[in-house]
Amino acid sequence: MKEIVVNDTNILIDMHAAGLLEYVRLSGTRFHTTDLVIEELHNSPYKRPSIDLLVEEGFLQVVTTSQEEMAEVFSLYSDCAINTNLSFVDCSVMHYAKKHNYRLLTGDKKLKHHAIDKGIIVSGLLWVVDLFVEEGLVEAHEMILKLNVLLGMNSRLPKKLILDKIEQLEEMKSF
């Protein structure tokens, strides 16, 4: 069975910025998110039609949060609000990943640490990079270009980790 991963808002934004969304269509991994993430993206000042297209084509599965689940997410949010400033949307993806035992994809440190505390497997953009390279969807030299573009666009990313990944990809090119 194909692995299912749950995407938060910022990982979708980072994947869009890096030009990685096109590989979602080809990947053996199934990408999911919640309706609250899509709503958050639609309410942001940046329109992302490529994400909407993935949804329309069925490559990004959007789960609808039921009334019962909304109450569970609100309970989680209330608990998180005491200790962190996680958003309601963050709590929705954490709840969905936990409920179904799926991997959570995020670049948000607070969400990552809180999800790990809840026993959720958490990965970030570099996991996606490795996945797409290992699946042969993108060559190492092209991924290096994409990561450099992303570094130039987003200063909040872990620069050292990305530079280490670029170095690792450089070594792959020489084989």
# chains A, B, ... in the order shown; residues from 1 in each chain; ligands from 1
$ closest_atom_pairs --of "range 40-155 of chain A" --to "range 13-34 of chain A" --cutoff "6 Å" --atoms "only C-alpha atoms" --output "JSON lines"
{"residue": "A:Phe59", "atom": "CA", "partner": "A:Arg25", "partner_atom": "CA", "distance": 5.7}
{"residue": "A:Leu60", "atom": "CA", "partner": "A:Phe31", "partner_atom": "CA", "distance": 5.1}
{"residue": "A:Gln61", "atom": "CA", "partner": "A:His32", "partner_atom": "CA", "distance": 4.5}
{"residue": "A:Val62", "atom": "CA", "partner": "A:Thr33", "partner_atom": "CA", "distance": 5.1}
{"residue": "A:Val63", "atom": "CA", "partner": "A:Thr34", "partner_atom": "CA", "distance": 4.9}
{"residue": "A:Lys146", "atom": "CA", "partner": "A:Ala18", "partner_atom": "CA", "distance": 5.2}
{"residue": "A:Leu150", "atom": "CA", "partner": "A:Ala18", "partner_atom": "CA", "distance": 5.1}
$ write_last_selection --atoms "C-alpha atoms" --output "CSV table (one decimal), in the first residue's frame"
chain,number,residue,atom,x,y,z
A,59,PHE,CA,-3.5,14.0,-6.6
A,60,LEU,CA,-4.0,16.0,-3.4
A,61,GLN,CA,-6.8,14.5,-1.4
A,62,VAL,CA,-8.7,17.0,0.7
A,63,VAL,CA,-10.5,15.5,3.7
A,146,LYS,CA,15.1,24.1,-7.0
A,150,LEU,CA,13.8,28.1,-2.4
$ atom_distance --atom1 "CA of Cys91 in chain A" --atom2 "CA of Val5 in chain A"
15.4 Å
$ residues_around --residues "range 98-103 of chain A" --least-positions-apart "6" --cutoff "8 Å" --atoms "only C-alpha atoms" --output "list in words"
Glu3, Ile4, Val5, Val6, Lys118, Gly119, Ile120, Ile121, Val122 and Ser123 of chain A
$ write_last_selection --atoms "C-alpha atoms" --output "PDB file, in the first residue's frame"
ATOM      1  CA  GLU A   3       2.217   5.677   2.107  1.00  0.00           C
ATOM      2  CA  ILE A   4      -0.155   8.528   2.877  1.00  0.00           C
ATOM      3  CA  VAL A   5       1.252  11.829   4.106  1.00  0.00           C
ATOM      4  CA  VAL A   6      -0.655  14.790   5.521  1.00  0.00           C
ATOM      5  CA  LYS A 118       1.698  13.153  20.408  1.00  0.00           C
ATOM      6  CA  GLY A 119       3.466  10.182  18.795  1.00  0.00           C
ATOM      7  CA  ILE A 120       3.075  11.337  15.188  1.00  0.00           C
ATOM      8  CA  ILE A 121       5.801  10.693  12.609  1.00  0.00           C
ATOM      9  CA  VAL A 122       6.823  14.109  11.295  1.00  0.00           C
ATOM     10  CA  SER A 123       8.925  14.989   8.279  1.00  0.00           C
TER      11      SER A 123
END
$ atom_distance --atom1 "CA of Val149 in chain A" --atom2 "CA of Leu41 in chain A"
21.4 Å
$ closest_residue --among "A:Leu36, A:Val133, A:Leu12, A:Val55" --to "Asp108 in chain A" --atoms "only C-alpha atoms"
A:Leu12
$ select_by_dssp --residues "range 28-104 of chain A" --states "strand (DSSP E or B)" --output "list of chain:residue names"
A:Arg30, A:Phe31, A:His32, A:Thr33, A:Thr34, A:Leu60, A:Gln61, A:Val62, A:Val63, A:Arg103, A:Leu104
